[in-house]
file final_7.pdb (PDB, C-alpha atoms and all ligand atoms)
ATOM      1  CA  MET A   4     -18.172 -11.227  13.852
ATOM      2  CA  LYS A   5     -19.224  -9.181  10.856
ATOM      3  CA  LYS A   6     -16.686  -6.476  11.648
ATOM      4  CA  GLN A   7     -13.887  -9.021  11.627
ATOM      5  CA  LEU A   8     -14.923 -10.266   8.213
ATOM      6  CA  ASN A   9     -14.611  -6.782   6.801
ATOM      7  CA  VAL A  10     -11.175  -5.989   8.137
ATOM      8  CA  SER A  11      -9.582  -9.327   8.967
ATOM      9  CA  ALA A  12      -7.316  -9.143   5.932
ATOM     10  CA  ILE A  13      -4.893  -7.030   7.914
ATOM     11  CA  LYS A  14      -3.582  -7.363  11.421
ATOM     12  CA  GLN A  15      -2.389  -3.812  11.586
ATOM     13  CA  GLY A  16      -2.334  -1.010   9.103
ATOM     14  CA  THR A  17      -4.816   1.196   7.322
ATOM     15  CA  VAL A  18      -8.007   0.573   5.396
ATOM     16  CA  ILE A  19      -8.951   3.348   2.982
ATOM     17  CA  ASP A  20     -12.621   3.098   2.109
ATOM     18  CA  HIS A  21     -15.035   5.100  -0.027
ATOM     19  CA  ILE A  22     -12.570   5.832  -2.783
ATOM     20  CA  PRO A  23     -14.312   6.512  -6.103
ATOM     21  CA  SER A  24     -13.479   3.650  -8.489
ATOM     22  CA  THR A  25     -12.101   6.161 -10.967
ATOM     23  CA  ALA A  26      -9.574   7.373  -8.379
ATOM     24  CA  LEU A  27      -8.317   3.999  -7.127
ATOM     25  CA  PHE A  28      -5.131   3.882  -9.177
ATOM     26  CA  LYS A  29      -4.411   7.542  -8.501
ATOM     27  CA  VAL A  30      -4.539   6.855  -4.770
ATOM     28  CA  ILE A  31      -2.264   3.839  -5.232
ATOM     29  CA  SER A  32       0.244   5.939  -7.110
ATOM     30  CA  ILE A  33       0.032   8.953  -4.763
ATOM     31  CA  LEU A  34       0.790   6.736  -1.783
ATOM     32  CA  LYS A  35       3.452   4.897  -3.801
ATOM     33  CA  LEU A  36       1.782   1.606  -2.962
ATOM     34  CA  ASP A  37       3.075   0.200  -6.223
ATOM     35  CA  HIS A  38       6.513   0.169  -4.558
ATOM     36  CA  CYS A  39       5.310  -0.919  -1.132
ATOM     37  CA  LYS A  40       6.920  -4.038   0.349
ATOM     38  CA  ASP A  41       4.044  -4.701   2.730
ATOM     39  CA  MET A  42       0.854  -6.469   1.817
ATOM     40  CA  VAL A  43      -1.534  -4.289  -0.168
ATOM     41  CA  THR A  44      -4.969  -5.542  -1.162
ATOM     42  CA  PHE A  45      -7.631  -3.633  -2.975
ATOM     43  CA  GLY A  46     -11.075  -4.101  -4.388
ATOM     44  CA  ASN A  47     -12.585  -2.041  -7.159
ATOM     45  CA  ASN A  48     -16.109  -1.428  -8.419
ATOM     46  CA  LEU A  49     -17.606  -2.688  -5.192
ATOM     47  CA  ASP A  50     -21.294  -2.282  -4.560
ATOM     48  CA  SER A  51     -22.094   0.727  -2.461
ATOM     49  CA  LYS A  52     -25.330   2.315  -1.399
ATOM     50  CA  VAL A  53     -23.820   5.790  -1.350
ATOM     51  CA  MET A  54     -21.419   5.743  -4.283
ATOM     52  CA  ASP A  55     -21.551   4.864  -7.935
ATOM     53  CA  GLY A  56     -18.757   2.357  -7.698
ATOM     54  CA  LYS A  57     -16.300   2.413  -4.920
ATOM     55  CA  ALA A  58     -12.883   1.065  -4.215
ATOM     56  CA  ILE A  59     -11.170   0.039  -1.025
ATOM     57  CA  ILE A  60      -7.469  -0.364  -0.246
ATOM     58  CA  LYS A  61      -5.965  -2.224   2.705
ATOM     59  CA  VAL A  62      -2.324  -1.653   3.525
ATOM     60  CA  GLU A  63      -0.558  -3.739   6.112
ATOM     61  CA  ASN A  64       1.795  -1.940   8.533
ATOM     62  CA  ARG A  65       1.219   1.547   7.154
ATOM     63  CA  PHE A  66      -0.171   4.532   9.016
ATOM     64  CA  PHE A  67      -0.371   7.571   6.824
ATOM     65  CA  LYS A  68       0.911  11.016   7.660
ATOM     66  CA  ASP A  69      -1.189  14.191   7.388
ATOM     67  CA  LYS A  70       0.507  15.216   4.163
ATOM     68  CA  GLU A  71      -0.323  11.871   2.571
ATOM     69  CA  ILE A  72      -3.913  12.064   3.827
ATOM     70  CA  ASN A  73      -4.268  15.538   2.296
ATOM     71  CA  LYS A  74      -3.109  14.083  -0.996
ATOM     72  CA  ILE A  75      -5.765  11.375  -0.778
ATOM     73  CA  ALA A  76      -8.366  14.080  -0.136
ATOM     74  CA  LEU A  77      -7.499  15.819  -3.388
ATOM     75  CA  VAL A  78      -8.469  12.815  -5.526
ATOM     76  CA  ALA A  79     -10.903  11.054  -3.178
ATOM     77  CA  PRO A  80     -12.557  13.820  -1.150
ATOM     78  CA  HIS A  81     -14.918  11.451   0.686
ATOM     79  CA  ALA A  82     -12.463   8.723   1.555
ATOM     80  CA  LYS A  83     -12.565   7.233   5.023
ATOM     81  CA  LEU A  84      -9.542   5.855   6.781
ATOM     82  CA  ASN A  85      -9.660   3.167   9.421
ATOM     83  CA  THR A  86      -6.509   2.396  11.335
ATOM     84  CA  ILE A  87      -6.253  -1.185  12.523
ATOM     85  CA  LYS A  88      -4.267  -2.650  15.388
ATOM     86  CA  ASP A  89      -4.549  -6.307  16.383
ATOM     87  CA  TYR A  90      -7.450  -6.708  13.951
ATOM     88  CA  GLU A  91      -9.410  -3.995  15.726
ATOM     89  CA  VAL A  92     -10.392  -0.608  14.339
ATOM     90  CA  VAL A  93      -8.612   1.836  16.641
ATOM     91  CA  GLY A  94      -9.157   5.019  14.647
ATOM     92  CA  LYS A  95     -11.621   6.240  12.056
ATOM     93  CA  TYR A  96     -11.417   9.463  10.197
ATOM     94  CA  VAL A  97     -12.683  11.170   7.095
ATOM     95  CA  VAL A  98     -10.140  12.922   4.906
ATOM     96  CA  GLU A  99     -10.416  16.665   4.745
ATOM     97  CA  ILE A 100      -9.168  19.075   2.146
ATOM     98  CA  PRO A 101      -7.148  21.821   3.795
ATOM     99  CA  ASP A 102      -7.666  25.507   2.905
ATOM    100  CA  GLU A 103      -4.204  25.758   1.432
ATOM    101  CA  ILE A 104      -2.206  23.185  -0.443
ATOM    102  CA  GLN A 105       1.543  23.333  -0.507
ATOM    103  CA  ASP A 106       3.664  21.336  -2.902
ATOM    104  CA  ILE A 107       1.478  18.248  -3.357
ATOM    105  CA  ALA A 108      -0.259  19.172  -6.605
ATOM    106  CA  ARG A 109       0.951  20.559  -9.927
ATOM    107  CA  CYS A 110      -0.353  23.726 -11.504
ATOM    108  CA  PHE A 111      -2.132  22.798 -14.742
ATOM    109  CA  ASN A 112      -0.901  25.956 -16.475
ATOM    110  CA  PRO A 113       2.042  24.854 -18.644
ATOM    111  CA  LYS A 114       3.465  28.388 -18.533
ATOM    112  CA  CYS A 115       3.403  28.599 -14.743
ATOM    113  CA  ILE A 116       6.787  29.240 -13.158
ATOM    114  CA  THR A 117       6.275  26.218 -10.888
ATOM    115  CA  ASN A 118       6.429  23.991 -13.956
ATOM    116  CA  HIS A 119       9.744  25.475 -15.058
ATOM    117  CA  GLU A 120      11.674  26.153 -11.900
ATOM    118  CA  ASN A 121      12.353  24.055  -8.892
ATOM    119  CA  ILE A 122       9.940  25.748  -6.490
ATOM    120  CA  ASP A 123       7.088  24.378  -4.434
ATOM    121  CA  THR A 124       3.579  24.899  -5.741
ATOM    122  CA  TYR A 125       1.217  26.760  -3.466
ATOM    123  CA  PHE A 126      -2.549  26.903  -3.888
ATOM    124  CA  GLU A 127      -5.508  28.432  -2.204
ATOM    125  CA  VAL A 128      -8.423  25.972  -2.159
ATOM    126  CA  ILE A 129     -11.347  27.911  -3.609
ATOM    127  CA  SER A 130     -13.737  24.963  -3.829
ATOM    128  CA  LYS A 131     -13.667  21.658  -2.000
ATOM    129  CA  SER A 132     -16.325  19.763  -3.915
ATOM    130  CA  PRO A 133     -15.384  19.490  -6.678
ATOM    131  CA  VAL A 134     -11.865  20.538  -5.833
ATOM    132  CA  ALA A 135     -10.549  23.765  -7.380
ATOM    133  CA  LEU A 136      -7.128  25.180  -6.563
ATOM    134  CA  LYS A 137      -5.952  28.712  -7.287
ATOM    135  CA  CYS A 138      -2.238  29.007  -7.952
ATOM    136  CA  ARG A 139      -0.416  31.641  -5.910
ATOM    137  CA  TYR A 140       2.031  32.322  -8.723
ATOM    138  CA  CYS A 141      -0.025  32.463 -11.918
ATOM    139  CA  GLU A 142      -3.512  32.762 -10.361
ATOM    140  CA  LYS A 143      -4.886  30.131 -12.765
ATOM    141  CA  ILE A 144      -7.345  27.632 -11.375
ATOM    142  CA  THR A 145      -6.658  23.917 -11.491
ATOM    143  CA  HIS A 146      -9.830  21.848 -11.369
ATOM    144  CA  GLN A 147     -10.320  18.354 -10.017
ATOM    145  CA  ASP A 148     -10.196  16.685 -13.433
ATOM    146  CA  GLN A 149      -6.902  18.449 -14.259
ATOM    147  CA  MET A 150      -5.293  17.577 -10.976
ATOM    148  CA  GLU A 151      -1.885  15.999 -11.091
ATOM    149  CA  ILE A 152      -0.335  15.046  -7.796
ATOM    150  CA  LYS A 153       3.421  15.511  -7.360
TER
HETATM  151 ZN    ZN B   1       0.452  28.300 -11.556
END
call {"tool": "encode", "arguments": {"input": "final_7.pdb", "output": "structure tokens"}}
result
Amino acid sequence: MKKQLNVSAIKQGTVIDHIPSTALFKVISILKLDHCKDMVTFGNNLDSKVMDGKAIIKVENRFFKDKEINKIALVAPHAKLNTIKDYEVVGKYVVEIPDEIQDIARCFNPKCITNHENIDTYFEVISKSPVALKCRYCEKITHQDQMEIK
């Protein structure tokens, strides 16, 4: 019954685990959970053997799309998603940073054309841990701590 205790808060939806505590509110804002009408519960600064302080989010009735999962990966590269149906874990996966990132992050360079004109940003991922993104337009590198998600 231990499994049920961990996930019984939601009947169906998604549990996002292994989020660094420092990234919890970023993930909430990226996924627009602050405007979500379904039940959202989260815990922060939980004890973890593998992390310095982790957070977990449970979202009822939501199953995230690839684009949203890629966004999570940018701020929580080791997050794990469990999809739940009828209180059972039916899918488990670890987020993965793609090799190229289109439109989901901002270029940190204030002079970059993408910050002045209405065009999608486009980055090559040159490092995945920590994340570093090279802008196709200005060639400047945006690092994890400068990352702003669109
Ligand atoms: Zn740029």
call {"tool": "closest_residue", "arguments": {"input": "final_7.pdb", "among": "A:Val62, A:Ile22, A:Ile144, A:Leu27", "to": "Ile87 of chain A", "atoms": "only C-alpha atoms"}}
result
A:Val62
call {"tool": "closest_residue", "arguments": {"input": "final_7.pdb", "among": "A:Lys74, A:Pro101, A:Val92, A:Asp148", "to": "Lys35 of chain A", "atoms": "all atoms listed in the file"}}
result
A:Lys74
call {"tool": "residues_near_ligand", "arguments": {"input": "final_7.pdb", "ligand": "ligand ZN 1 (chain B)", "cutoff": "12 Å", "atoms": "all atoms listed in the file", "output": "MDAnalysis selection string"}}
result
chainID A and resid 106 108:120 122:127 136:145
call {"tool": "closest_residue", "arguments": {"input": "final_7.pdb", "among": "A:Ile152, A:Val93, A:Val78, A:Val43", "to": "Gln105 of chain A", "atoms": "all atoms listed in the file"}}
result
A:Ile152
call {"tool": "resolve_selection", "arguments": {"input": "final_7.pdb", "expression": "the PyMOL selection byres (((chain A and resi 46) around 10) and not hetatm)", "output": "JSON, numbers by chain"}}
result
{"A": [20, 24, 27, 44, 45, 47, 48, 49, 57, 58, 59, 60, 61]}
call {"tool": "atom_distance", "arguments": {"input": "final_7.pdb", "atom1": "atom CA of Arg65 of chain A", "atom2": "atom CA of Ile31 of chain A"}}
result
13.1 Å
call {"tool": "closest_residue", "arguments": {"input": "final_7.pdb", "among": "A:Glu103, A:Glu91, A:Asp69, A:Asp50", "to": "Ser130 of chain A", "atoms": "only C-alpha atoms"}}
result
A:Glu103
call {"tool": "closest_residue", "arguments": {"input": "final_7.pdb", "among": "A:Glu63, A:Asp55, A:Glu151, A:Asp41", "to": "Asp89 of chain A", "atoms": "all atoms listed in the file"}}
result
A:Glu63
call {"tool": "atom_distance", "arguments": {"input": "final_7.pdb", "atom1": "atom CA of Ile104 of chain A", "atom2": "atom CA of Gln147 of chain A"}}
result
13.4 Å
call {"tool": "atom_distance", "arguments": {"input": "final_7.pdb", "atom1": "atom CA of Leu34 of chain A", "atom2": "atom CA of Tyr96 of chain A"}}
result
17.3 Å
call {"tool": "closest_residue", "arguments": {"input": "final_7.pdb", "among": "A:Ile19, A:Lys14, A:Asn121, A:Ile72", "to": "Val98 of chain A", "atoms": "all atoms listed in the file"}}
result
A:Ile72
call {"tool": "residues_around", "arguments": {"input": "final_7.pdb", "residues": "His81 of chain A", "least_positions_apart": "2", "cutoff": "9 Å", "atoms": "only C-alpha atoms", "output": "JSON, numbers by chain"}}
result
{"A": [20, 21, 22, 23, 76, 79, 83, 97, 98, 99]}
